[in-house]
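Colleague: Input file: structure_30.txt. Contents: compact mmCIF, C-alpha atoms and all ligand atoms.
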# COMPACT_ATOMS: atom_id res chain seq x y z
CA MET D 5 -8.18 -9.91 2.00
CA ARG D 6 -5.30 -12.12 3.04
CA GLN D 7 -2.95 -10.09 5.26
CA THR D 8 -0.14 -12.59 5.48
CA TYR D 9 2.17 -14.51 3.16
CA THR D 10 4.57 -17.37 3.50
CA SER D 11 8.05 -15.99 4.02
CA GLN D 12 10.93 -18.02 2.63
CA ARG D 13 14.59 -17.09 3.10
CA TYR D 14 16.81 -17.59 0.05
CA THR D 15 20.49 -17.12 0.78
CA PHE D 16 22.81 -16.24 -2.07
CA ALA D 17 26.22 -17.80 -1.53
CA ARG D 18 28.22 -14.55 -1.39
CA GLU D 19 25.53 -12.03 -0.49
CA SER D 20 27.38 -10.89 2.64
CA SER D 21 30.09 -9.33 0.46
CA ALA D 22 27.58 -7.04 -1.29
CA ALA D 23 27.98 -3.29 -0.72
CA SER D 24 25.93 -1.70 2.05
CA GLN D 25 23.07 0.71 1.39
CA SER D 26 20.41 2.72 3.17
CA VAL D 27 16.94 2.28 1.74
CA LYS D 28 15.35 5.31 0.10
CA ARG D 29 13.01 3.81 -2.51
CA ILE D 30 11.44 0.59 -3.76
CA VAL D 31 11.38 -0.73 -7.33
CA VAL D 32 8.82 -3.32 -8.39
CA HIS D 33 9.69 -5.57 -11.34
CA ARG D 34 8.23 -8.39 -13.36
CA GLN D 35 10.52 -11.32 -13.95
CA GLY D 36 10.04 -11.01 -17.72
CA ASN D 37 9.75 -14.72 -18.37
CA PRO D 38 6.03 -15.46 -18.05
CA GLY D 39 5.35 -18.80 -16.46
CA ALA D 40 8.84 -19.34 -14.99
CA ARG D 41 9.08 -20.17 -11.28
CA ALA D 42 10.70 -17.87 -8.75
CA ILE D 43 12.91 -20.58 -7.31
CA ASN D 44 14.45 -21.30 -10.73
CA SER D 45 15.30 -17.62 -11.23
CA LEU D 46 16.82 -17.45 -7.74
CA ASP D 47 18.86 -20.61 -8.32
CA TRP D 48 20.07 -19.22 -11.64
CA GLY D 49 21.08 -15.98 -9.92
CA ASN D 50 22.96 -17.90 -7.25
CA ARG D 51 24.84 -19.98 -9.82
CA THR D 52 25.81 -17.04 -12.01
CA GLY D 53 26.42 -14.46 -9.27
CA ALA D 54 23.53 -12.30 -10.55
CA TYR D 55 22.52 -10.98 -7.15
CA THR D 56 19.58 -9.16 -8.49
CA ILE D 57 16.81 -8.90 -6.00
CA HIS D 58 15.78 -8.38 -2.38
CA TYR D 59 12.34 -10.00 -2.62
CA TYR D 60 10.72 -12.36 -5.07
CA VAL D 61 6.94 -12.68 -4.93
CA GLU D 62 5.21 -15.76 -6.26
CA ASP D 63 1.54 -15.95 -5.29
CA GLY D 64 1.32 -16.37 -1.52
CA THR D 65 5.07 -16.90 -1.09
CA VAL D 66 7.64 -14.14 -0.66
CA TYR D 67 11.29 -15.18 -0.99
CA ARG D 68 13.59 -12.92 1.00
CA ALA D 69 16.88 -12.89 -0.90
CA ILE D 70 19.48 -10.07 -0.62
CA PRO D 71 19.16 -8.37 2.81
CA GLU D 72 17.64 -4.88 2.62
CA ASN D 73 20.85 -3.21 3.81
CA LYS D 74 22.83 -4.76 0.93
CA HIS D 75 22.92 -3.64 -2.69
CA ALA D 76 21.23 -5.74 -5.38
CA PHE D 77 21.59 -5.38 -9.15
CA HIS D 78 18.13 -4.67 -10.52
CA VAL D 79 18.26 -1.29 -12.35
CA ARG D 80 21.20 -0.49 -14.61
CA GLU D 81 19.91 2.78 -16.13
CA ALA D 82 20.99 5.73 -13.95
CA ARG D 83 19.74 8.86 -15.75
CA LYS D 84 16.32 9.15 -14.16
CA ALA D 85 17.59 8.22 -10.69
CA GLN D 86 20.20 10.95 -11.07
CA ALA D 87 17.59 13.45 -12.32
CA GLU D 88 15.52 12.75 -9.21
CA GLY D 89 18.45 13.32 -6.91
CA TYR D 90 19.34 9.78 -5.89
CA ARG D 91 22.87 8.45 -5.54
CA VAL D 92 24.00 6.85 -8.81
CA THR D 93 27.65 6.10 -8.13
CA GLY D 94 29.17 3.63 -5.72
CA ALA D 95 30.96 0.32 -5.41
CA TYR D 96 29.59 -0.92 -8.73
CA GLY D 97 30.11 2.18 -10.87
CA THR D 98 27.27 4.27 -12.26
CA ARG D 99 23.94 2.53 -11.70
CA GLY D 100 20.27 3.29 -11.09
CA ASP D 101 19.64 0.98 -8.15
CA TYR D 102 21.75 2.33 -5.28
CA ASP D 103 19.82 2.72 -2.01
CA SER D 104 16.78 0.91 -3.41
CA ILE D 105 14.96 -2.32 -2.68
CA GLY D 106 14.11 -4.50 -5.67
CA ILE D 107 11.01 -6.67 -5.65
CA GLU D 108 10.59 -9.20 -8.44
CA THR D 109 7.15 -10.58 -9.27
CA VAL D 110 6.39 -13.81 -11.08
CA ASP D 111 4.50 -12.95 -14.26
CA LEU D 112 2.13 -15.22 -16.15
CA PRO D 113 1.28 -15.42 -19.87
CA GLY D 114 -1.91 -13.72 -21.05
CA GLY D 115 -4.32 -11.87 -18.80
CA GLY D 116 -6.94 -9.18 -19.42
CA PRO D 117 -7.65 -7.32 -22.68
CA GLY D 118 -4.45 -6.05 -24.26
CA GLN D 119 -2.17 -7.99 -21.94
CA SER D 120 0.42 -10.50 -23.07
CA TYR D 121 1.44 -11.16 -19.47
CA HIS D 122 -0.05 -10.41 -16.06
CA LEU D 123 0.42 -10.92 -12.34
CA SER D 124 -1.73 -13.40 -10.47
CA GLN D 125 -4.20 -11.98 -8.00
CA GLU D 126 -2.37 -13.85 -5.23
CA THR D 127 0.91 -12.15 -6.18
CA ARG D 128 -0.77 -8.72 -6.06
CA ILE D 129 -2.31 -9.53 -2.67
CA SER D 130 1.13 -10.46 -1.27
CA LEU D 131 2.69 -7.28 -2.66
CA VAL D 132 0.45 -5.00 -0.61
CA PRO D 133 1.39 -6.14 2.94
CA LEU D 134 5.04 -6.68 1.88
CA LEU D 135 5.29 -3.10 0.59
CA ALA D 136 3.47 -1.75 3.64
CA GLU D 137 6.05 -3.43 5.90
CA ILE D 138 9.03 -2.10 3.92
CA VAL D 139 7.63 1.43 3.69
CA GLN D 140 7.03 1.54 7.43
CA ARG D 141 10.33 -0.12 8.35
CA HIS D 142 12.30 2.58 6.52
CA GLY D 143 10.01 5.51 7.22
CA LEU D 144 9.28 6.06 3.52
CA SER D 145 6.13 7.41 1.92
CA VAL D 146 4.23 5.29 -0.58
CA ASP D 147 5.28 7.58 -3.44
CA ARG D 148 8.74 6.02 -3.10
CA ILE D 149 7.24 2.91 -4.72
CA GLU D 150 7.95 2.85 -8.45
CA GLU D 151 8.09 0.28 -11.23
CA HIS D 152 11.25 -0.49 -13.18
CA ALA D 153 9.73 1.27 -16.22
CA HIS D 154 9.78 4.53 -14.26
CA TRP D 155 13.56 4.38 -13.88
CA ASP D 156 14.23 2.99 -17.33
CA PRO D 157 11.47 3.91 -19.77
CA TRP D 158 13.94 3.41 -22.65
CA THR D 159 14.71 -0.30 -22.39
CA ARG D 160 12.19 -1.49 -19.74
CA PRO D 161 8.83 0.06 -20.68
CA GLU D 162 7.16 -3.34 -20.17
CA ASP D 163 8.42 -3.73 -16.62
CA LEU D 164 5.72 -3.79 -15.24
CA GLY D 165 4.02 -2.11 -18.16
CA ASN D 166 0.33 -2.89 -18.15
CA ALA D 167 0.59 -5.69 -15.59
CA LEU D 168 0.07 -3.37 -12.63
CA TYR D 169 -1.05 0.23 -12.10
CA ILE D 170 1.42 1.74 -9.65
CA PRO D 171 -0.73 4.72 -8.47
CA ASP D 172 -3.41 2.23 -7.37
CA LEU D 173 -0.79 0.02 -5.72
CA ARG D 174 0.43 3.01 -3.68
CA LEU D 175 -3.12 3.80 -2.55
CA ASP D 176 -3.64 0.16 -1.55
CA VAL D 177 -0.41 0.15 0.46
CA GLN D 178 -1.53 3.35 2.20
CA ASP D 179 -4.88 1.70 2.97
CA GLN D 180 -3.06 -1.31 4.41
CA ILE D 181 -0.88 0.92 6.61
CA GLU D 182 -3.88 2.86 7.91
CA GLY D 183 -6.00 -0.21 8.63
CA ARG D 184 -8.40 0.07 5.69
CA THR D 185 -9.07 -2.78 3.29
CA PRO D 186 -7.04 -2.48 0.06
CA TRP D 187 -9.23 -3.09 -3.01
CA ARG D 188 -7.74 -1.63 -6.20
CA THR D 189 -4.92 -3.98 -7.17
CA VAL D 190 -6.19 -7.10 -5.43
CA GLN D 191 -9.07 -7.82 -7.83
CA ALA D 192 -9.14 -10.93 -9.97
CA HIS D 193 -8.80 -8.92 -13.19
CA ALA D 194 -6.82 -5.88 -12.06
CA PHE D 195 -4.23 -4.76 -14.59
CA GLY D 196 -2.33 -1.73 -15.75
CA ARG D 197 -4.88 1.01 -15.40
CA ALA D 198 -6.89 2.63 -12.64
CA ALA D 199 -9.43 0.42 -10.90
CA PRO D 200 -13.06 1.34 -11.64
CA SER D 201 -14.72 2.79 -8.57
CA SER D 202 -17.44 0.14 -8.89
CA TRP D 203 -14.89 -2.29 -7.46
CA LYS D 204 -14.81 -0.43 -4.20
CA PRO D 205 -16.48 -2.43 -1.45
CA SER D 206 -19.49 -0.71 0.08
CA PRO D 207 -18.61 0.69 3.48
CA GLN D 208 -19.43 -1.71 6.23
CA THR D 209 -22.54 -0.87 8.24
CA PRO D 210 -21.46 -0.48 11.87
CA PRO D 211 -22.90 -3.25 14.02
CA ALA D 212 -26.08 -2.38 15.93
CA PRO D 213 -25.47 -1.59 19.61
CA PRO D 214 -26.42 -4.42 21.94
CA GLN D 215 -30.05 -4.27 23.02
CA ARG D 216 -30.43 -3.66 26.75
CA PRO D 217 -33.63 -3.12 28.72
CA VAL D 218 -33.77 0.61 29.47
CA ASP D 219 -34.84 1.84 32.93
CA LEU D 220 -37.23 4.73 32.28
CA SER D 221 -38.29 5.31 35.88
CA GLY D 222 -37.49 8.88 36.84
CA VAL D 223 -37.43 10.12 33.24
CA SER D 224 -41.05 11.32 33.13
CA GLU D 225 -40.59 12.93 36.51
CA ALA D 226 -37.54 14.81 35.23
CA ILE D 227 -39.51 15.95 32.16
CA THR D 228 -42.29 17.30 34.38
CA THR D 229 -39.77 19.18 36.53
CA ALA D 230 -38.14 20.67 33.42
CA GLU D 231 -41.50 21.69 31.96
CA THR D 232 -42.47 23.41 35.24
CA ALA D 233 -39.15 25.28 35.30
CA LEU D 234 -39.66 26.35 31.69
CA GLN D 235 -43.16 27.66 32.43
CA ASP D 236 -41.83 29.58 35.46
CA ALA D 237 -39.14 31.17 33.31
CA LYS D 238 -41.69 32.18 30.66
CA LYS D 239 -43.86 33.78 33.35
CA ARG D 240 -40.93 35.77 34.68
CA LEU D 241 -40.05 36.96 31.20
CA GLN D 242 -43.63 38.10 30.64
CA GLN D 243 -43.55 40.01 33.96
CA VAL D 244 -40.28 41.74 32.98
CA ALA D 245 -41.72 42.64 29.58
CA GLN D 246 -44.86 44.03 31.25
CA GLN D 247 -42.78 46.16 33.64
CA LEU D 248 -40.70 47.53 30.75
CA THR D 249 -43.87 48.44 28.82
CA GLU D 250 -45.31 50.25 31.90
CA ARG D 251 -42.11 52.27 32.37
CA THR D 252 -42.04 53.48 28.78
CA PRO D 253 -43.55 56.97 28.66
ZN ZN A 301 12.96 -5.01 -13.92
Do you think you could lay out the structure here as structure tokens?
Modeller:
Amino acid sequence: MRQTYTSQRYTFARESSAASQSVKRIVVHRQGNPGARAINSLDWGNRTGAYTIHYYVEDGTVYRAIPENKHAFHVREARKAQAEGYRVTGAYGTRGDYDSIGIETVDLPGGGPGQSYHLSQETRISLVPLLAEIVQRHGLSVDRIEEHAHWDPWTRPEDLGNALYIPDLRLDVQDQIEGRTPWRTVQAHAFGRAAPSSWKPSPQTPPAPPQRPVDLSGVSEAITTAETALQDAKKRLQQVAQQLTERTP
């Protein structure tokens, strides 16, 4: 699997004035406009002051937008964030996105059975190393990765909805961190349910050790010596057993 992506900095005009934050969780989104390009959404955000996102993933390209230590506006609903103990008040009133990183993904029309939109395989592949980096950078665990629908099941149930299965994404990120090959969400037809185990790559057979001529001289001699010692020991045991038998009245 591809381990890298093209990183592209996108600077919002007034991003430096955004409120500061410390990162405690990550929210993955779909852009909600299947087929639209990331750069157009970013340009629109820059024009209108909608500073909505830290990262925008489009296939093999990741746009880095709002810096991680600055707030971005990507989850309005605050009730679930509050219920889970996260900060929901701050410089921008009551919101559900304080202390979180928002990642937008470019969605595409159609997809697998039951899908009206999906993420490209290349977008899913880029998500895995990107998330692994963020999780490690902030010392988070992969269960701090959620989709927008988790925080707002009332108005955003389709974000990501059936475009991505978050439990599998977490396992893939953990695999990436621990040096294993991610396989669940990086398949051509992966979508919003658990990956069948038949997708799992068969474990790689370890390479055969290099063949070297083996020097066996001395081995048969050592075996003979060991056999002699063993026979001697048996003899002594028999003698001891004999003596014990003779002493028994
Ligand atoms: Zn969203």
Colleague: Would you mind listing the residues within 7 Å of ligand ZN 301 (chain A), counting all atoms listed in the file, as a ChimeraX atom specification?
Modeller: /D:33-35,78-79,152,160,163
Colleague: Neighbours of Ala153 of chain D within 12 Å (all atoms listed in the file; same-chain residues fewer than 6 positions away dropped), as a PDB file with C-alpha atoms, keeping the file's coordinate frame?
Modeller:
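The resulting file, out_28.pdb, is reproduced below:
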ATOM      1  CA  VAL D  31      11.380  -0.730  -7.330  1.00  0.00           C
ATOM      2  CA  VAL D  32       8.820  -3.320  -8.390  1.00  0.00           C
ATOM      3  CA  HIS D  33       9.690  -5.570 -11.340  1.00  0.00           C
ATOM      4  CA  ARG D  34       8.230  -8.390 -13.360  1.00  0.00           C
ATOM      5  CA  HIS D  78      18.130  -4.670 -10.520  1.00  0.00           C
ATOM      6  CA  VAL D  79      18.260  -1.290 -12.350  1.00  0.00           C
ATOM      7  CA  ARG D  80      21.200  -0.490 -14.610  1.00  0.00           C
ATOM      8  CA  GLU D  81      19.910   2.780 -16.130  1.00  0.00           C
ATOM      9  CA  LYS D  84      16.320   9.150 -14.160  1.00  0.00           C
ATOM     10  CA  ALA D  85      17.590   8.220 -10.690  1.00  0.00           C
ATOM     11  CA  GLY D 100      20.270   3.290 -11.090  1.00  0.00           C
ATOM     12  CA  THR D 159      14.710  -0.300 -22.390  1.00  0.00           C
ATOM     13  CA  ARG D 160      12.190  -1.490 -19.740  1.00  0.00           C
ATOM     14  CA  PRO D 161       8.830   0.060 -20.680  1.00  0.00           C
ATOM     15  CA  GLU D 162       7.160  -3.340 -20.170  1.00  0.00           C
ATOM     16  CA  ASP D 163       8.420  -3.730 -16.620  1.00  0.00           C
ATOM     17  CA  LEU D 164       5.720  -3.790 -15.240  1.00  0.00           C
ATOM     18  CA  GLY D 165       4.020  -2.110 -18.160  1.00  0.00           C
ATOM     19  CA  ASN D 166       0.330  -2.890 -18.150  1.00  0.00           C
ATOM     20  CA  ALA D 167       0.590  -5.690 -15.590  1.00  0.00           C
ATOM     21  CA  LEU D 168       0.070  -3.370 -12.630  1.00  0.00           C
ATOM     22  CA  TYR D 169      -1.050   0.230 -12.100  1.00  0.00           C
ATOM     23  CA  ILE D 170       1.420   1.740  -9.650  1.00  0.00           C
TER      24      ILE D 170
END
Colleague: With only C-alpha atoms as the atoms that count, which of D:Arg99, D:Arg6, D:Arg188, D:Arg29 lies nearest to Asp156 of chain D?
Modeller: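 Checking each candidate against Asp156 of chain D, we get D:Arg99 as the closest.
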Colleague: Between D:Tyr60, D:Trp187, D:Phe195, D:Tyr67, single out the one closest to Arg13 of chain D, counting only C-alpha atoms.
Modeller: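 Of the candidates, the smallest distance to Arg13 of chain D is held by D:Tyr67.
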Colleague: How far is it from atom CA of Asp101 of chain D to atom CA of Ala23 of chain D, in Å with one decimal?
Modeller: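 Result for atom CA of Asp101 of chain D versus atom CA of Ala23 of chain D: 12.0 Å, one decimal.
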Colleague: Kindly indicate which residue among D:Pro133, D:Pro200, D:Gly106, D:Pro205 lies nearest to Val177 of chain D, using only C-alpha atoms for the distances.
Modeller: D:Pro133
Colleague: Because the input lacks atoms here, generate N, CA and C atoms for segment 5-32 of chain D and report them as a PDB file, in the frame of the given file.
Modeller:
ATOM      1  N   MET D   5      -9.395  -9.620   2.771  1.00  0.00           N
ATOM      2  CA  MET D   5      -8.180  -9.910   2.000  1.00  0.00           C
ATOM      3  C   MET D   5      -7.139 -10.575   2.903  1.00  0.00           C
ATOM      4  N   ARG D   6      -6.388 -11.475   2.312  1.00  0.00           N
ATOM      5  CA  ARG D   6      -5.300 -12.120   3.040  1.00  0.00           C
ATOM      6  C   ARG D   6      -4.273 -11.077   3.464  1.00  0.00           C
ATOM      7  N   GLN D   7      -3.884 -11.081   4.732  1.00  0.00           N
ATOM      8  CA  GLN D   7      -2.950 -10.090   5.260  1.00  0.00           C
ATOM      9  C   GLN D   7      -1.545 -10.659   5.426  1.00  0.00           C
ATOM     10  N   THR D   8      -1.419 -11.950   5.212  1.00  0.00           N
ATOM     11  CA  THR D   8      -0.140 -12.590   5.480  1.00  0.00           C
ATOM     12  C   THR D   8       0.358 -13.291   4.209  1.00  0.00           C
ATOM     13  N   TYR D   9       1.606 -13.711   4.252  1.00  0.00           N
ATOM     14  CA  TYR D   9       2.170 -14.510   3.160  1.00  0.00           C
ATOM     15  C   TYR D   9       3.179 -15.448   3.785  1.00  0.00           C
ATOM     16  N   THR D  10       3.537 -16.468   3.026  1.00  0.00           N
ATOM     17  CA  THR D  10       4.570 -17.370   3.500  1.00  0.00           C
ATOM     18  C   THR D  10       5.923 -16.767   3.181  1.00  0.00           C
ATOM     19  N   SER D  11       6.743 -16.606   4.204  1.00  0.00           N
ATOM     20  CA  SER D  11       8.050 -15.990   4.020  1.00  0.00           C
ATOM     21  C   SER D  11       9.112 -17.077   3.929  1.00  0.00           C
ATOM     22  N   GLN D  12       9.927 -16.982   2.889  1.00  0.00           N
ATOM     23  CA  GLN D  12      10.930 -18.020   2.630  1.00  0.00           C
ATOM     24  C   GLN D  12      12.275 -17.336   2.442  1.00  0.00           C
ATOM     25  N   ARG D  13      13.262 -17.701   3.245  1.00  0.00           N
ATOM     26  CA  ARG D  13      14.590 -17.090   3.100  1.00  0.00           C
ATOM     27  C   ARG D  13      15.349 -17.799   1.996  1.00  0.00           C
ATOM     28  N   TYR D  14      15.932 -17.023   1.085  1.00  0.00           N
ATOM     29  CA  TYR D  14      16.810 -17.590   0.050  1.00  0.00           C
ATOM     30  C   TYR D  14      18.163 -16.920   0.188  1.00  0.00           C
ATOM     31  N   THR D  15      19.164 -17.694   0.524  1.00  0.00           N
ATOM     32  CA  THR D  15      20.490 -17.120   0.780  1.00  0.00           C
ATOM     33  C   THR D  15      21.383 -17.295  -0.440  1.00  0.00           C
ATOM     34  N   PHE D  16      21.799 -16.181  -1.013  1.00  0.00           N
ATOM     35  CA  PHE D  16      22.810 -16.240  -2.070  1.00  0.00           C
ATOM     36  C   PHE D  16      24.164 -16.534  -1.424  1.00  0.00           C
ATOM     37  N   ALA D  17      24.981 -17.304  -2.133  1.00  0.00           N
ATOM     38  CA  ALA D  17      26.220 -17.800  -1.530  1.00  0.00           C
ATOM     39  C   ALA D  17      27.126 -16.679  -1.023  1.00  0.00           C
ATOM     40  N   ARG D  18      27.251 -15.594  -1.783  1.00  0.00           N
ATOM     41  CA  ARG D  18      28.220 -14.550  -1.390  1.00  0.00           C
ATOM     42  C   ARG D  18      27.530 -13.224  -1.108  1.00  0.00           C
ATOM     43  N   GLU D  19      26.281 -13.273  -0.664  1.00  0.00           N
ATOM     44  CA  GLU D  19      25.530 -12.030  -0.490  1.00  0.00           C
ATOM     45  C   GLU D  19      26.144 -11.127   0.584  1.00  0.00           C
ATOM     46  N   SER D  20      26.858 -11.719   1.554  1.00  0.00           N
ATOM     47  CA  SER D  20      27.380 -10.890   2.640  1.00  0.00           C
ATOM     48  C   SER D  20      28.457  -9.935   2.150  1.00  0.00           C
ATOM     49  N   SER D  21      29.044 -10.220   0.973  1.00  0.00           N
ATOM     50  CA  SER D  21      30.090  -9.330   0.460  1.00  0.00           C
ATOM     51  C   SER D  21      29.503  -8.168  -0.358  1.00  0.00           C
ATOM     52  N   ALA D  22      28.194  -8.136  -0.525  1.00  0.00           N
ATOM     53  CA  ALA D  22      27.580  -7.040  -1.290  1.00  0.00           C
ATOM     54  C   ALA D  22      27.754  -5.716  -0.554  1.00  0.00           C
ATOM     55  N   ALA D  23      27.814  -4.618  -1.318  1.00  0.00           N
ATOM     56  CA  ALA D  23      27.980  -3.290  -0.720  1.00  0.00           C
ATOM     57  C   ALA D  23      26.769  -2.922   0.137  1.00  0.00           C
ATOM     58  N   SER D  24      27.017  -2.116   1.161  1.00  0.00           N
ATOM     59  CA  SER D  24      25.930  -1.700   2.050  1.00  0.00           C
ATOM     60  C   SER D  24      25.129  -0.557   1.423  1.00  0.00           C
ATOM     61  N   GLN D  25      23.896  -0.401   1.875  1.00  0.00           N
ATOM     62  CA  GLN D  25      23.070   0.710   1.390  1.00  0.00           C
ATOM     63  C   GLN D  25      22.079   1.113   2.473  1.00  0.00           C
ATOM     64  N   SER D  26      21.545   2.324   2.330  1.00  0.00           N
ATOM     65  CA  SER D  26      20.410   2.720   3.170  1.00  0.00           C
ATOM     66  C   SER D  26      19.211   2.908   2.238  1.00  0.00           C
ATOM     67  N   VAL D  27      18.083   2.403   2.648  1.00  0.00           N
ATOM     68  CA  VAL D  27      16.940   2.280   1.740  1.00  0.00           C
ATOM     69  C   VAL D  27      16.189   3.596   1.596  1.00  0.00           C
ATOM     70  N   LYS D  28      16.072   4.064   0.355  1.00  0.00           N
ATOM     71  CA  LYS D  28      15.350   5.310   0.100  1.00  0.00           C
ATOM     72  C   LYS D  28      14.171   5.142  -0.855  1.00  0.00           C
ATOM     73  N   ARG D  29      14.099   4.005  -1.541  1.00  0.00           N
ATOM     74  CA  ARG D  29      13.010   3.810  -2.510  1.00  0.00           C
ATOM     75  C   ARG D  29      12.870   2.323  -2.815  1.00  0.00           C
ATOM     76  N   ILE D  30      11.764   1.996  -3.467  1.00  0.00           N
ATOM     77  CA  ILE D  30      11.440   0.590  -3.760  1.00  0.00           C
ATOM     78  C   ILE D  30      11.084   0.481  -5.240  1.00  0.00           C
ATOM     79  N   VAL D  31      11.640  -0.524  -5.894  1.00  0.00           N
ATOM     80  CA  VAL D  31      11.380  -0.730  -7.330  1.00  0.00           C
ATOM     81  C   VAL D  31      10.716  -2.089  -7.515  1.00  0.00           C
ATOM     82  N   VAL D  32       9.538  -2.072  -8.134  1.00  0.00           N
ATOM     83  CA  VAL D  32       8.820  -3.320  -8.390  1.00  0.00           C
ATOM     84  C   VAL D  32       9.070  -3.738  -9.836  1.00  0.00           C
TER      85      VAL D  32
END
